[in-house]
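Student: Just one file: target02.cif, with mmCIF, C-alpha atoms and all ligand atoms.
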data_my_file
#
loop_
_atom_site.label_atom_id
_atom_site.label_comp_id
_atom_site.auth_asym_id
_atom_site.auth_seq_id
_atom_site.Cartn_x
_atom_site.Cartn_y
_atom_site.Cartn_z
CA HIS A 112 -56.40 190.77 70.01
CA GLU A 113 -52.77 190.04 69.17
CA PRO A 114 -51.27 191.36 65.92
CA ASP A 115 -49.20 189.02 63.82
CA LEU A 116 -45.92 188.52 65.57
CA PRO A 117 -42.65 188.31 63.68
CA ARG A 118 -41.82 184.66 63.13
CA VAL A 119 -38.57 183.03 64.12
CA ILE A 120 -36.90 180.22 62.20
CA GLY A 121 -36.84 176.78 63.78
CA THR A 122 -39.83 177.05 66.08
CA GLY A 123 -41.39 173.62 66.44
CA ALA A 124 -38.50 171.74 64.81
CA PRO A 125 -38.31 168.15 66.14
CA VAL A 126 -35.51 167.22 68.55
CA PRO A 127 -34.59 163.69 69.68
CA LEU A 128 -35.49 162.40 73.14
CA ASP A 129 -33.49 159.91 75.20
CA ASP A 130 -36.21 157.25 74.77
CA GLY A 131 -35.74 157.27 71.00
CA GLY A 132 -38.76 159.43 70.27
CA SER A 133 -38.82 163.05 69.26
CA ILE A 134 -40.72 166.19 70.18
CA ALA A 135 -41.06 169.80 68.98
CA TYR A 136 -38.21 171.79 70.50
CA ALA A 137 -39.06 174.11 73.36
CA ASN A 138 -36.29 176.69 73.21
CA PHE A 139 -35.76 178.41 76.56
CA ASP A 140 -32.29 179.74 75.83
CA TYR A 141 -33.04 183.02 74.08
CA ALA A 142 -30.88 185.00 76.51
CA ALA A 143 -27.79 183.15 75.27
CA SER A 144 -28.65 183.47 71.57
CA ALA A 145 -32.10 184.00 70.11
CA PRO A 146 -33.22 182.17 66.98
CA CYS A 147 -33.19 184.14 63.73
CA LEU A 148 -36.25 186.05 62.53
CA GLU A 149 -37.65 185.07 59.16
CA ALA A 150 -37.48 188.74 58.17
CA VAL A 151 -33.76 188.75 59.00
CA HIS A 152 -33.20 185.71 56.82
CA GLU A 153 -35.04 187.44 53.98
CA ALA A 154 -33.01 190.65 54.36
CA VAL A 155 -29.74 188.72 54.16
CA THR A 156 -30.96 186.71 51.17
CA ARG A 157 -31.95 189.94 49.38
CA THR A 158 -28.48 191.34 49.97
CA LEU A 159 -26.49 188.35 48.76
CA PRO A 160 -26.75 189.01 45.00
CA TYR A 161 -25.01 192.36 45.53
CA TYR A 162 -22.58 191.02 48.06
CA SER A 163 -19.35 192.97 47.68
CA SER A 164 -16.74 194.98 49.53
CA VAL A 165 -17.81 198.16 51.29
CA HIS A 166 -16.40 201.70 51.22
CA ARG A 167 -13.46 201.25 48.86
CA GLY A 168 -15.03 199.48 45.91
CA ALA A 169 -16.25 201.55 42.95
CA GLY A 170 -18.35 198.89 41.25
CA TYR A 171 -22.13 198.84 41.38
CA ALA A 172 -22.30 195.95 43.85
CA SER A 173 -19.85 197.76 46.13
CA GLN A 174 -21.97 200.88 46.01
CA VAL A 175 -25.12 198.94 46.83
CA THR A 176 -23.44 197.03 49.65
CA THR A 177 -21.89 200.20 51.08
CA ASP A 178 -25.31 201.89 51.03
CA ALA A 179 -26.85 198.88 52.77
CA TYR A 180 -24.13 198.83 55.43
CA GLU A 181 -24.37 202.56 56.15
CA SER A 182 -28.13 202.45 56.15
CA ALA A 183 -27.94 199.57 58.68
CA ARG A 184 -25.98 201.98 60.88
CA GLU A 185 -28.73 204.59 60.57
CA THR A 186 -31.37 201.99 61.40
CA VAL A 187 -29.49 201.10 64.56
CA ARG A 188 -29.18 204.80 65.41
CA GLY A 189 -32.95 205.15 65.18
CA PHE A 190 -33.57 201.91 67.06
CA LEU A 191 -31.44 203.14 69.99
CA GLY A 192 -32.68 206.71 69.93
CA ALA A 193 -29.10 207.85 69.40
CA TRP A 194 -28.49 211.47 68.44
CA THR A 195 -27.43 212.40 64.90
CA ARG A 196 -23.76 212.82 65.68
CA ALA A 197 -23.46 209.83 68.00
CA ALA A 198 -20.94 207.21 66.95
CA VAL A 199 -22.56 203.91 65.99
CA VAL A 200 -19.70 201.44 65.77
CA PHE A 201 -20.31 197.91 64.54
CA THR A 202 -18.46 195.47 66.76
CA ARG A 203 -18.50 191.68 67.03
CA ASN A 204 -20.77 191.60 70.08
CA THR A 205 -21.38 193.24 73.46
CA THR A 206 -18.10 191.94 74.86
CA ASP A 207 -16.22 193.55 71.99
CA ALA A 208 -18.19 196.78 72.42
CA MET A 209 -17.47 197.07 76.16
CA ASN A 210 -13.79 196.27 75.63
CA LEU A 211 -13.62 198.93 72.93
CA LEU A 212 -15.11 201.46 75.32
CA ALA A 213 -12.67 200.43 78.06
CA HIS A 214 -9.82 200.83 75.59
CA ALA A 215 -11.07 204.25 74.41
CA ALA A 216 -11.75 205.68 77.87
CA PRO A 217 -9.01 208.22 78.65
CA PRO A 218 -6.15 207.01 80.86
CA GLY A 219 -7.08 207.35 84.51
CA THR A 220 -10.79 206.78 83.95
CA THR A 221 -12.48 205.14 86.92
CA ALA A 222 -15.28 202.74 86.09
CA VAL A 223 -17.95 202.32 88.75
CA VAL A 224 -19.50 198.92 88.26
CA PHE A 225 -21.86 196.65 90.19
CA GLU A 226 -20.74 193.11 90.95
CA THR A 227 -24.03 191.97 89.47
CA GLU A 228 -22.79 192.69 85.94
CA HIS A 229 -22.13 190.15 83.24
CA HIS A 230 -18.38 189.55 82.91
CA ALA A 231 -18.37 191.52 79.64
CA SER A 232 -19.24 194.67 81.59
CA LEU A 233 -17.53 193.74 84.87
CA LEU A 234 -14.04 192.86 83.68
CA PRO A 235 -12.65 195.15 80.93
CA TRP A 236 -11.86 198.23 83.06
CA ARG A 237 -8.30 199.15 83.92
CA ARG A 238 -9.41 200.95 87.08
CA ALA A 239 -12.71 200.03 88.67
CA VAL A 240 -14.67 200.62 91.84
CA ARG A 241 -16.88 197.59 92.37
CA LEU A 242 -20.18 197.89 94.18
CA PRO A 243 -21.91 194.96 95.92
CA ALA A 244 -25.34 193.79 94.81
CA PRO A 245 -27.84 196.44 95.93
CA ALA A 246 -30.88 195.29 97.92
CA ASN A 247 -33.31 197.33 95.81
CA PRO A 248 -33.28 199.84 92.93
CA ALA A 249 -33.18 202.83 95.29
CA GLU A 250 -30.09 201.40 96.94
CA ALA A 251 -28.47 200.97 93.52
CA ILE A 252 -28.94 204.68 92.85
CA GLU A 253 -27.62 205.65 96.29
CA ALA A 254 -24.60 203.37 95.95
CA ALA A 255 -23.77 204.78 92.51
CA ASP A 256 -24.21 208.30 93.87
CA ARG A 257 -21.80 207.68 96.78
CA ALA A 258 -19.23 205.87 94.63
CA LEU A 259 -19.19 208.59 91.98
CA ALA A 260 -18.80 211.25 94.67
CA ALA A 261 -15.88 209.37 96.23
CA ALA A 262 -14.14 208.29 93.00
CA PRO A 263 -10.67 209.71 92.35
CA ALA A 264 -10.42 212.83 90.19
CA GLY A 265 -10.49 212.23 86.46
CA PRO A 266 -13.06 210.81 84.09
CA ARG A 267 -15.65 208.54 85.70
CA LEU A 268 -17.86 206.03 83.95
CA LEU A 269 -20.82 204.30 85.55
CA VAL A 270 -21.32 200.91 83.90
CA VAL A 271 -24.63 199.17 84.39
CA THR A 272 -26.87 196.60 82.80
CA ALA A 273 -30.35 197.54 81.65
CA ALA A 274 -31.76 194.04 82.24
CA SER A 275 -29.97 191.28 84.12
CA ASN A 276 -29.03 188.18 82.17
CA VAL A 277 -29.53 186.18 85.38
CA THR A 278 -32.78 187.46 86.88
CA GLY A 279 -34.29 189.46 84.01
CA GLU A 280 -34.73 192.36 86.44
CA VAL A 281 -34.71 195.81 84.85
CA TRP A 282 -32.41 198.42 86.37
CA PRO A 283 -33.40 202.08 86.90
CA ILE A 284 -31.39 203.41 83.97
CA ALA A 285 -32.93 206.89 83.72
CA GLU A 286 -32.26 207.57 87.42
CA LEU A 287 -28.73 206.17 87.23
CA ALA A 288 -28.06 208.33 84.17
CA ARG A 289 -29.25 211.40 86.08
CA THR A 290 -27.02 210.42 88.99
CA ALA A 291 -24.01 210.08 86.71
CA ARG A 292 -24.73 213.43 85.09
CA ARG A 293 -25.04 215.16 88.45
CA HIS A 294 -21.46 214.09 89.16
CA GLY A 295 -20.19 215.00 85.70
CA ALA A 296 -19.66 211.29 85.04
CA ARG A 297 -20.73 209.25 82.02
CA ILE A 298 -22.91 206.16 81.93
CA ALA A 299 -22.47 203.09 79.74
CA VAL A 300 -25.38 200.69 79.53
CA ASP A 301 -25.12 196.99 78.74
CA ALA A 302 -28.39 196.54 76.88
CA ALA A 303 -27.68 193.02 75.57
CA GLN A 304 -30.68 191.56 77.40
CA TYR A 305 -32.84 194.65 77.24
CA VAL A 306 -33.15 195.60 73.59
CA PRO A 307 -34.67 192.26 72.49
CA HIS A 308 -37.53 192.89 74.94
CA ARG A 309 -38.12 196.61 75.44
CA PRO A 310 -37.69 199.87 73.52
CA PHE A 311 -34.56 201.80 74.45
CA ASP A 312 -34.10 205.52 73.80
CA MET A 313 -30.64 206.64 74.81
CA THR A 314 -31.37 210.31 74.19
CA ALA A 315 -34.50 210.28 76.36
CA LEU A 316 -32.71 208.26 79.04
CA GLY A 317 -29.63 210.48 79.00
CA VAL A 318 -27.32 207.53 78.35
CA ASP A 319 -23.81 208.19 76.98
CA TYR A 320 -23.00 204.71 75.63
CA VAL A 321 -24.94 201.58 74.90
CA ALA A 322 -23.78 198.12 73.84
CA PHE A 323 -25.71 195.13 72.54
CA SER A 324 -25.34 191.95 70.43
CA GLY A 325 -27.21 191.00 67.26
CA HIS A 326 -27.36 187.31 68.15
CA LYS A 327 -29.55 188.02 71.17
CA LEU A 328 -31.78 190.20 68.99
CA TYR A 329 -32.94 187.52 66.54
CA ALA A 330 -30.05 187.99 64.10
CA PRO A 331 -27.12 185.61 63.52
CA PHE A 332 -23.81 185.72 65.34
CA GLY A 333 -20.91 188.07 64.82
CA ALA A 334 -22.32 191.61 64.84
CA GLY A 335 -22.87 193.93 67.78
CA VAL A 336 -22.91 197.64 68.47
CA LEU A 337 -21.26 200.28 70.59
CA ALA A 338 -23.17 203.55 70.24
CA GLY A 339 -22.60 206.82 72.00
CA ARG A 340 -20.43 209.87 72.42
CA SER A 341 -17.71 210.07 69.84
CA ASP A 342 -15.05 212.21 71.58
CA TRP A 343 -13.28 209.41 73.49
CA LEU A 344 -13.51 207.14 70.47
CA ARG A 345 -12.12 209.81 68.13
CA ALA A 346 -9.22 210.51 70.50
CA ALA A 347 -8.24 206.88 71.19
CA GLU A 348 -5.72 205.07 69.07
CA PRO A 349 -7.50 202.24 67.28
CA PHE A 350 -7.39 198.98 69.18
CA LEU A 351 -7.46 197.17 65.84
CA LYS A 352 -4.97 198.79 63.51
CA GLY A 353 -5.28 198.33 59.78
CA GLY A 354 -7.07 199.31 56.61
CA GLY A 355 -10.16 201.43 56.85
CA ALA A 356 -9.11 202.91 60.19
CA SER A 357 -6.26 204.87 58.61
CA ASP A 358 -6.70 207.93 56.39
CA SER A 359 -3.07 208.00 55.27
CA VAL A 360 0.11 206.11 55.93
CA SER A 361 3.64 207.44 55.25
CA ALA A 362 5.94 205.96 52.59
CA HIS A 363 7.62 203.56 55.04
CA GLY A 364 4.52 202.80 57.08
CA ASP A 365 5.96 204.45 60.15
CA ARG A 366 3.54 207.35 60.38
CA VAL A 367 -0.22 206.99 60.28
CA ARG A 368 -3.09 209.41 60.34
CA TRP A 369 -6.01 207.53 61.82
CA SER A 370 -9.48 208.37 60.63
CA ALA A 371 -11.08 211.18 62.60
CA ASP A 372 -14.44 209.47 62.13
CA ALA A 373 -15.06 207.46 65.31
CA GLN A 374 -16.79 204.70 63.37
CA ARG A 375 -14.16 204.19 60.68
CA ARG A 376 -11.39 204.53 63.22
CA HIS A 377 -12.73 201.54 65.16
CA GLU A 378 -13.89 199.35 62.30
CA ALA A 379 -10.52 198.40 60.80
CA GLY A 380 -10.54 195.57 58.31
CA THR A 381 -13.44 194.34 56.21
CA PRO A 382 -16.52 194.68 58.40
CA ASN A 383 -19.22 192.08 58.98
CA VAL A 384 -21.57 193.62 56.43
CA LEU A 385 -24.12 190.84 56.41
CA GLY A 386 -24.10 190.76 60.21
CA ALA A 387 -24.82 194.48 60.36
CA ILE A 388 -27.60 194.19 57.77
CA ALA A 389 -29.11 191.26 59.65
CA LEU A 390 -28.94 193.11 62.95
CA ALA A 391 -30.58 196.19 61.41
CA ALA A 392 -33.33 194.04 59.87
CA ALA A 393 -34.07 192.68 63.34
CA CYS A 394 -34.26 196.26 64.72
CA ASP A 395 -36.63 197.25 61.93
CA THR A 396 -38.83 194.21 62.41
CA LEU A 397 -39.23 194.66 66.16
CA ALA A 398 -39.89 198.39 65.84
CA ALA A 399 -42.45 197.83 63.07
CA THR A 400 -44.29 195.22 65.13
CA GLY A 401 -44.87 197.69 67.93
CA TRP A 402 -43.46 197.29 71.42
CA ASP A 403 -46.78 197.36 73.23
CA ALA A 404 -47.88 194.08 71.72
CA LEU A 405 -44.48 192.47 72.26
CA VAL A 406 -44.23 193.58 75.88
CA ARG A 407 -47.81 192.59 76.77
CA ARG A 408 -47.32 189.13 75.34
CA GLU A 409 -44.01 188.61 77.08
CA GLU A 410 -45.37 189.77 80.42
CA ARG A 411 -48.23 187.30 80.14
CA LEU A 412 -45.85 184.41 79.49
CA LEU A 413 -43.47 185.54 82.20
CA ALA A 414 -46.27 185.78 84.78
CA ARG A 415 -47.42 182.28 83.82
CA LEU A 416 -43.92 180.88 84.21
CA ARG A 417 -43.14 182.65 87.49
CA ARG A 418 -46.52 181.81 89.01
CA GLY A 419 -46.01 178.18 88.04
CA ILE A 420 -42.53 178.09 89.56
CA ALA A 421 -43.74 179.78 92.75
CA ALA A 422 -46.36 177.04 93.06
CA LEU A 423 -43.69 174.31 92.93
CA PRO A 424 -42.27 173.94 96.45
CA GLY A 425 -39.04 172.33 95.23
CA VAL A 426 -38.13 175.00 92.69
CA ARG A 427 -36.70 178.29 93.90
CA GLU A 428 -36.42 181.30 91.64
CA LEU A 429 -33.31 183.44 92.05
CA THR A 430 -34.15 187.11 92.26
CA LEU A 431 -32.28 190.10 93.56
CA TRP A 432 -35.18 192.46 94.13
CA GLY A 433 -38.21 190.18 94.35
CA THR A 434 -41.55 191.46 93.18
CA GLY A 435 -42.45 194.97 92.13
CA VAL A 436 -39.70 195.59 89.57
CA PRO A 437 -40.13 195.25 85.82
CA ARG A 438 -38.42 192.25 84.25
CA VAL A 439 -37.80 190.68 80.88
CA GLY A 440 -38.33 187.04 79.92
CA ILE A 441 -35.51 185.47 81.93
CA VAL A 442 -35.95 183.28 85.02
CA SER A 443 -33.15 181.50 86.89
CA PHE A 444 -33.85 178.87 89.52
CA VAL A 445 -32.55 175.90 91.49
CA VAL A 446 -34.36 172.57 91.76
CA ASP A 447 -34.25 170.75 95.11
CA GLY A 448 -32.51 167.42 94.87
CA TRP A 449 -30.91 168.20 91.52
CA ASN A 450 -27.69 169.77 90.46
CA ALA A 451 -28.30 172.27 87.70
CA ARG A 452 -26.39 170.33 85.04
CA ASP A 453 -28.37 167.13 85.53
CA ALA A 454 -31.63 169.05 85.67
CA ALA A 455 -30.82 170.85 82.41
CA LEU A 456 -29.77 167.63 80.64
CA THR A 457 -32.91 165.85 81.81
CA LEU A 458 -35.10 168.73 80.63
CA SER A 459 -33.50 168.27 77.23
CA GLY A 460 -33.37 164.48 77.00
CA SER A 461 -36.78 163.73 78.48
CA TYR A 462 -38.81 166.78 77.50
CA GLY A 463 -37.14 168.46 74.52
CA ILE A 464 -36.63 171.66 76.51
CA GLY A 465 -33.46 173.69 75.96
CA VAL A 466 -32.30 175.66 79.01
CA ARG A 467 -28.91 176.81 80.19
CA ASP A 468 -27.18 175.87 83.42
CA GLY A 469 -24.17 177.41 85.10
CA LYS A 470 -23.31 180.86 86.31
CA PHE A 471 -24.15 182.63 83.05
CA CYS A 472 -20.88 184.60 82.83
CA ALA A 473 -21.90 186.45 85.98
CA HIS A 474 -20.00 184.49 88.62
CA PRO A 475 -20.07 187.06 91.44
CA PHE A 476 -23.79 187.70 90.95
CA VAL A 477 -24.90 184.07 90.69
CA GLY A 478 -22.63 183.23 93.66
CA HIS A 479 -24.39 185.97 95.62
CA LEU A 480 -27.87 184.76 94.66
CA LEU A 481 -27.03 181.14 95.41
CA SER A 482 -25.63 181.96 98.84
CA GLY A 483 -28.94 183.71 99.54
CA ALA A 484 -30.83 180.66 98.33
CA ALA A 485 -28.66 178.46 100.56
CA ALA A 486 -29.50 180.66 103.54
CA ASP A 487 -33.17 180.16 102.65
CA GLY A 488 -32.69 176.41 102.89
CA ALA A 489 -32.42 175.54 99.20
CA GLY A 490 -29.27 173.56 99.90
CA CYS A 491 -26.91 175.48 97.62
CA GLY A 492 -23.24 175.72 98.34
CA GLU A 493 -20.07 177.18 96.94
CA GLY A 494 -19.54 175.95 93.40
CA ASP A 495 -23.21 175.33 92.82
CA THR A 496 -24.91 176.56 89.70
CA ALA A 497 -28.40 177.44 88.53
CA VAL A 498 -30.77 176.72 85.66
CA ARG A 499 -31.91 179.59 83.43
CA ALA A 500 -35.05 179.60 81.30
CA SER A 501 -35.26 182.55 78.91
CA PHE A 502 -37.72 183.05 76.13
CA GLY A 503 -38.90 185.26 73.29
CA LEU A 504 -40.90 185.47 70.11
CA GLY A 505 -41.10 181.76 69.28
CA THR A 506 -42.23 180.78 72.77
CA GLY A 507 -45.86 179.96 73.48
CA GLU A 508 -47.95 179.00 76.49
CA GLU A 509 -47.61 175.35 75.54
CA HIS A 510 -43.85 175.61 75.98
CA VAL A 511 -44.18 177.27 79.37
CA ASP A 512 -46.64 174.61 80.47
CA ARG A 513 -44.33 171.83 79.28
CA LEU A 514 -41.47 173.34 81.29
CA LEU A 515 -43.64 173.60 84.41
CA ARG A 516 -44.86 170.02 84.02
CA ALA A 517 -41.28 168.82 83.59
CA LEU A 518 -40.09 170.72 86.66
CA ALA A 519 -42.92 169.25 88.73
CA GLU A 520 -41.74 165.78 87.67
CA LEU A 521 -38.11 166.56 88.47
CA VAL A 522 -39.08 167.64 91.97
CA ARG A 523 -40.91 164.35 92.45
CA GLU A 524 -37.84 162.34 91.38
CA PRO A 525 -34.75 163.87 93.01
CA ARG A 526 -31.48 162.86 91.40
CA GLY A 527 -29.61 163.05 94.73
N1 LIG B 1 -23.98 191.43 78.71
C1 LIG B 1 -25.06 190.70 79.02
C2 LIG B 1 -26.06 191.25 79.99
C3 LIG B 1 -25.22 189.44 78.44
O1 LIG B 1 -26.28 188.70 78.76
C4 LIG B 1 -24.26 188.96 77.53
C5 LIG B 1 -24.37 187.59 76.89
N2 LIG B 1 -24.65 186.56 77.78
C6 LIG B 1 -23.17 189.77 77.24
C7 LIG B 1 -23.07 191.00 77.85
C8 LIG B 1 -22.11 189.35 76.31
O2 LIG B 1 -22.63 189.24 75.05
P1 LIG B 1 -21.74 188.62 73.87
O3 LIG B 1 -21.42 187.22 74.31
O4 LIG B 1 -22.63 188.66 72.69
O5 LIG B 1 -20.54 189.46 73.76
#
Would it be possible to restate this file's structure as structure tokens?
Ligand code: PMP
Tutor:
Amino acid sequence: HEPDLPRVIGTGAPVPLDDGGSIAYANFDYAASAPCLEAVHEAVTRTLPYYSSVHRGAGYASQVTTDAYESARETVRGFLGAWTRAAVVFTRNTTDAMNLLAHAAPPGTTAVVFETEHHASLLPWRRAVRLPAPANPAEAIEAADRALAAAPAGPRLLVVTAASNVTGEVWPIAELARTARRHGARIAVDAAQYVPHRPFDMTALGVDYVAFSGHKLYAPFGAGVLAGRSDWLRAAEPFLKGGGASDSVSAHGDRVRWSADAQRRHEAGTPNVLGAIALAAACDTLAATGWDALVRREERLLARLRRGIAALPGVRELTLWGTGVPRVGIVSFVVDGWNARDAALTLSGSYGIGVRDGKFCAHPFVGHLLSGAAADGAGCGEGDTAVRASFGLGTGEEHVDRLLRALAELVREPRG
């Protein structure tokens, strides 16, 4: 028996079809941005009457808002299993968080990063060793082990995603963290696609840094998190220089003492208070629902979708590791006889289904998967793209079945 699931706003809203009719929206684009939870909406609405500046204001509303902002930080700390003295920095999103970490890493740091990463985790590093897509999780661990052993002297940082935004496959984070530790290296985890679907405990996993985005976690846009060890962050000059990050500034503004608090130091300017509160409300709501129920439900829907796709001869799922690895609710595929853009637009215009097409900000990885699909006879070439269906709390079996029916019809009517 399923407990009451948190409700998302907009589920079932009508969308127009090309034939002039309309249909309840089937949102399969949660991996890009998930719809907002009702509980998040309520938390923001509750905060608005006391909406005021944080930290520096002395008025009652400022005190209340400051408390709410700092308690959002503590909620996120608990949600991530971060230790008491870990820095929990509110950023704009995962991209911002990873760039902040790249900026704060000491000069000469070597990042070891798989080519399967999202661009946000692949691109920010000044010095990087890039590893090709591993054939299985064990090979990922071996490759990281070898690369860390061979990396130049100096700080080393293994950067890895917890769940792929392309295939939904879950990476062996605990083992990779152990590998990093054995080499005296650190590990940064891109958990953007993981935390909306699975519990994450950075202390138990032995993870040094984690980044994620509120807008993929059922909260609105504009707030994300970088959590982890504070020493690099405390030592680095702020990337954003301004108020809040500085403890004192000399009479002519030529000498500054930056805050020794890693969080303040890297949150210059007025922070996105409502974004942080919304993000924390989403963390609270998911944790209070209980992960077991959420995971069981998602796995049932995912199995239904993947089984249905496997039964359609003209639709080929893109996977790196195939069966036998855990995955979250993300499936990418190509449809015979269709380019991804036309397939995605037809799914919208004829069926009211919202998917994404393209390379999902993971060009090397999708290129790799598509060249494999081409070798398997799916007819993909350089420059081709894929369709991605990703889902979450507002998705039901009826949506999955509509998507499968639509794909079966696409296969029967190739677009050329
Ligand atoms: N990493 C992963 C795995 C992602 O899926 C995304 C978003 N597609 C990002 C990073 C970047 O997130 P944001 O756009 O919120 O910065």
Student: Using only C-alpha atoms, which of the listed residues (A:Ala303, A:Leu159, A:Arg376, A:Gly279) sits closest to A:Glu428?
Tutor: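 Among the listed residues, A:Gly279 lies closest to A:Glu428.
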Student: So that I can check the surroundings of A:Tyr462, please list as an mmCIF file with C-alpha atoms, in the coordinates of the input every protein, DNA and RNA residue that reaches within 8 Å of it, counting all atoms listed in the file and ignoring chain neighbours fewer than 2 positions away.
Tutor:
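Dumped to out17.cif:
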data_model
loop_
_atom_site.group_PDB
_atom_site.id
_atom_site.type_symbol
_atom_site.label_atom_id
_atom_site.label_comp_id
_atom_site.auth_asym_id
_atom_site.auth_seq_id
_atom_site.Cartn_x
_atom_site.Cartn_y
_atom_site.Cartn_z
ATOM 1 C CA LEU A 128 -35.490 162.400 73.140
ATOM 2 C CA ILE A 134 -40.720 166.190 70.180
ATOM 3 C CA THR A 457 -32.910 165.850 81.810
ATOM 4 C CA LEU A 458 -35.100 168.730 80.630
ATOM 5 C CA SER A 459 -33.500 168.270 77.230
ATOM 6 C CA GLY A 460 -33.370 164.480 77.000
ATOM 7 C CA ILE A 464 -36.630 171.660 76.510
ATOM 8 C CA ARG A 513 -44.330 171.830 79.280
ATOM 9 C CA ALA A 517 -41.280 168.820 83.590
#
Student: So which one's closest to A:Leu413, A:Ala299, A:Val511, A:Ile284, A:Ala143? Using only C-alpha atoms, please.
Tutor: A:Val511
Student: Given 6 Å on each side, where is the centre and what are the edge lengths in Å to one decimal of the axis-aligned box enclosing the listed atoms of stretch 137-146 of chain A, as AutoDock Vina command-line options?
Tutor:
--center_x -33.4 --center_y 179.6 --center_z 71.8 --size_x 23.3 --size_y 22.9 --size_z 21.6
Student: What is the atom CA of A:Thr177-atom CA of A:Glu378 distance in Å, reported with one decimal?
Tutor: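 Interatomic distance, atom CA of A:Thr177 to atom CA of A:Glu378: 13.8 Å.
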Student: Find the nearest atom pair between each residue of chain A and ligand LIG 1 (chain B) for residues within 6 Å, count all atoms listed in the file, give distances in Å to one decimal, sort rows by chain and ascending number, and present the table as a tab-separated table.
Tutor:
residue	atom	partner	partner_atom	distance
A:Ala143	CA	B:LIG1	N2	5.3
A:Asn204	CA	B:LIG1	O5	4.3
A:Thr205	CA	B:LIG1	O5	3.9
A:Thr206	CA	B:LIG1	O5	3.6
A:His229	CA	B:LIG1	N1	5.1
A:Ala231	CA	B:LIG1	C7	5.1
A:Ser275	CA	B:LIG1	C2	5.7
A:Asn276	CA	B:LIG1	O1	4.4
A:Asp301	CA	B:LIG1	N1	5.7
A:Ala303	CA	B:LIG1	C1	4.9
A:Gln304	CA	B:LIG1	C2	5.3
A:Ser324	CA	B:LIG1	O4	4.8
Student: Give me, please, the distance in Å between atom CA of A:Glu185 and atom CA of A:Pro310, quoted to one decimal.
Tutor: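 So the two atoms, atom CA of A:Glu185 and atom CA of A:Pro310, lie 16.4 Å apart.
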Student: Could you tell me which of A:Pro263, A:Gly189, A:Gly401, A:Gly505 comes closest to A:Gly123 if we count all atoms listed in the file?
Tutor: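 Comparing A:Pro263, A:Gly189, A:Gly401, A:Gly505 against A:Gly123, the winner is A:Gly505.
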Student: Which value, in Å to one decimal, gives the distance between atom CA of A:Ala346 and atom CA of A:Asp372?
Tutor: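 Separation between atom CA of A:Ala346 and atom CA of A:Asp372: 9.9 Å.
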Student: Which residue is closest to A:Thr156? Choose from A:Met209, A:Ala322, A:Thr220, A:Ala389 and count all atoms listed in the file.
Tutor: A:Ala389
Student: Please provide the set of residues having any atom within 10 Å of A:Gly333, restricted to only C-alpha atoms, with same-chain residues fewer than 4 positions apart removed, written as a list in words.
Tutor: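 Final neighbour list, sorted by chain and number: Phe201, Thr202, Arg203, Asn204, Ser324, Gly325, His326, Asn383, Leu385, Gly386, Ala387 and Leu390 of chain A.
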Student: Output C-alpha atoms of each residue in that selection to a file, as a tab-separated table (two decimals), in the frame of the given file.
Tutor:
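result.tsv written:
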chain	number	residue	atom	x	y	z
A	201	PHE	CA	-20.31	197.91	64.54
A	202	THR	CA	-18.46	195.47	66.76
A	203	ARG	CA	-18.50	191.68	67.03
A	204	ASN	CA	-20.77	191.60	70.08
A	324	SER	CA	-25.34	191.95	70.43
A	325	GLY	CA	-27.21	191.00	67.26
A	326	HIS	CA	-27.36	187.31	68.15
A	383	ASN	CA	-19.22	192.08	58.98
A	385	LEU	CA	-24.12	190.84	56.41
A	386	GLY	CA	-24.10	190.76	60.21
A	387	ALA	CA	-24.82	194.48	60.36
A	390	LEU	CA	-28.94	193.11	62.95
Student: For stretch 414-423 of chain A, work out the shell of residues within 10 Å, counting all atoms listed in the file and skipping chain neighbours fewer than 5 positions away, then give it as a list in words.
Tutor: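 What passes the distance filter is Glu409, Glu428, Gly440, Ile441, Val442, Phe444, Val446, Ala500, Glu508, His510, Val511, Asp512, Leu514, Leu515, Arg516, Leu518, Ala519 and Val522 of chain A.
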Student: Taking 3 positions as the minimum chain separation for residues in the same chain, which residues sit within 10 Å of stretch 249-261 of chain A when counting all atoms listed in the file? Answer as a compact mmCIF listing (two decimals) with C-alpha atoms, in the frame of the given file.
Tutor:
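Now in selection_36.txt:
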# COMPACT_ATOMS: atom_id res chain seq x y z
CA THR A 221 -12.48 205.14 86.92
CA ALA A 222 -15.28 202.74 86.09
CA VAL A 223 -17.95 202.32 88.75
CA VAL A 224 -19.50 198.92 88.26
CA PHE A 225 -21.86 196.65 90.19
CA VAL A 240 -14.67 200.62 91.84
CA ARG A 241 -16.88 197.59 92.37
CA LEU A 242 -20.18 197.89 94.18
CA PRO A 243 -21.91 194.96 95.92
CA ALA A 244 -25.34 193.79 94.81
CA PRO A 245 -27.84 196.44 95.93
CA ALA A 246 -30.88 195.29 97.92
CA ALA A 264 -10.42 212.83 90.19
CA ARG A 267 -15.65 208.54 85.70
CA LEU A 268 -17.86 206.03 83.95
CA LEU A 269 -20.82 204.30 85.55
CA VAL A 270 -21.32 200.91 83.90
CA VAL A 271 -24.63 199.17 84.39
CA TRP A 282 -32.41 198.42 86.37
CA PRO A 283 -33.40 202.08 86.90
CA ILE A 284 -31.39 203.41 83.97
CA GLU A 286 -32.26 207.57 87.42
CA LEU A 287 -28.73 206.17 87.23
CA ALA A 288 -28.06 208.33 84.17
CA ARG A 289 -29.25 211.40 86.08
CA THR A 290 -27.02 210.42 88.99
CA ALA A 291 -24.01 210.08 86.71
CA ARG A 293 -25.04 215.16 88.45
CA HIS A 294 -21.46 214.09 89.16
CA GLY A 295 -20.19 215.00 85.70
CA ALA A 296 -19.66 211.29 85.04
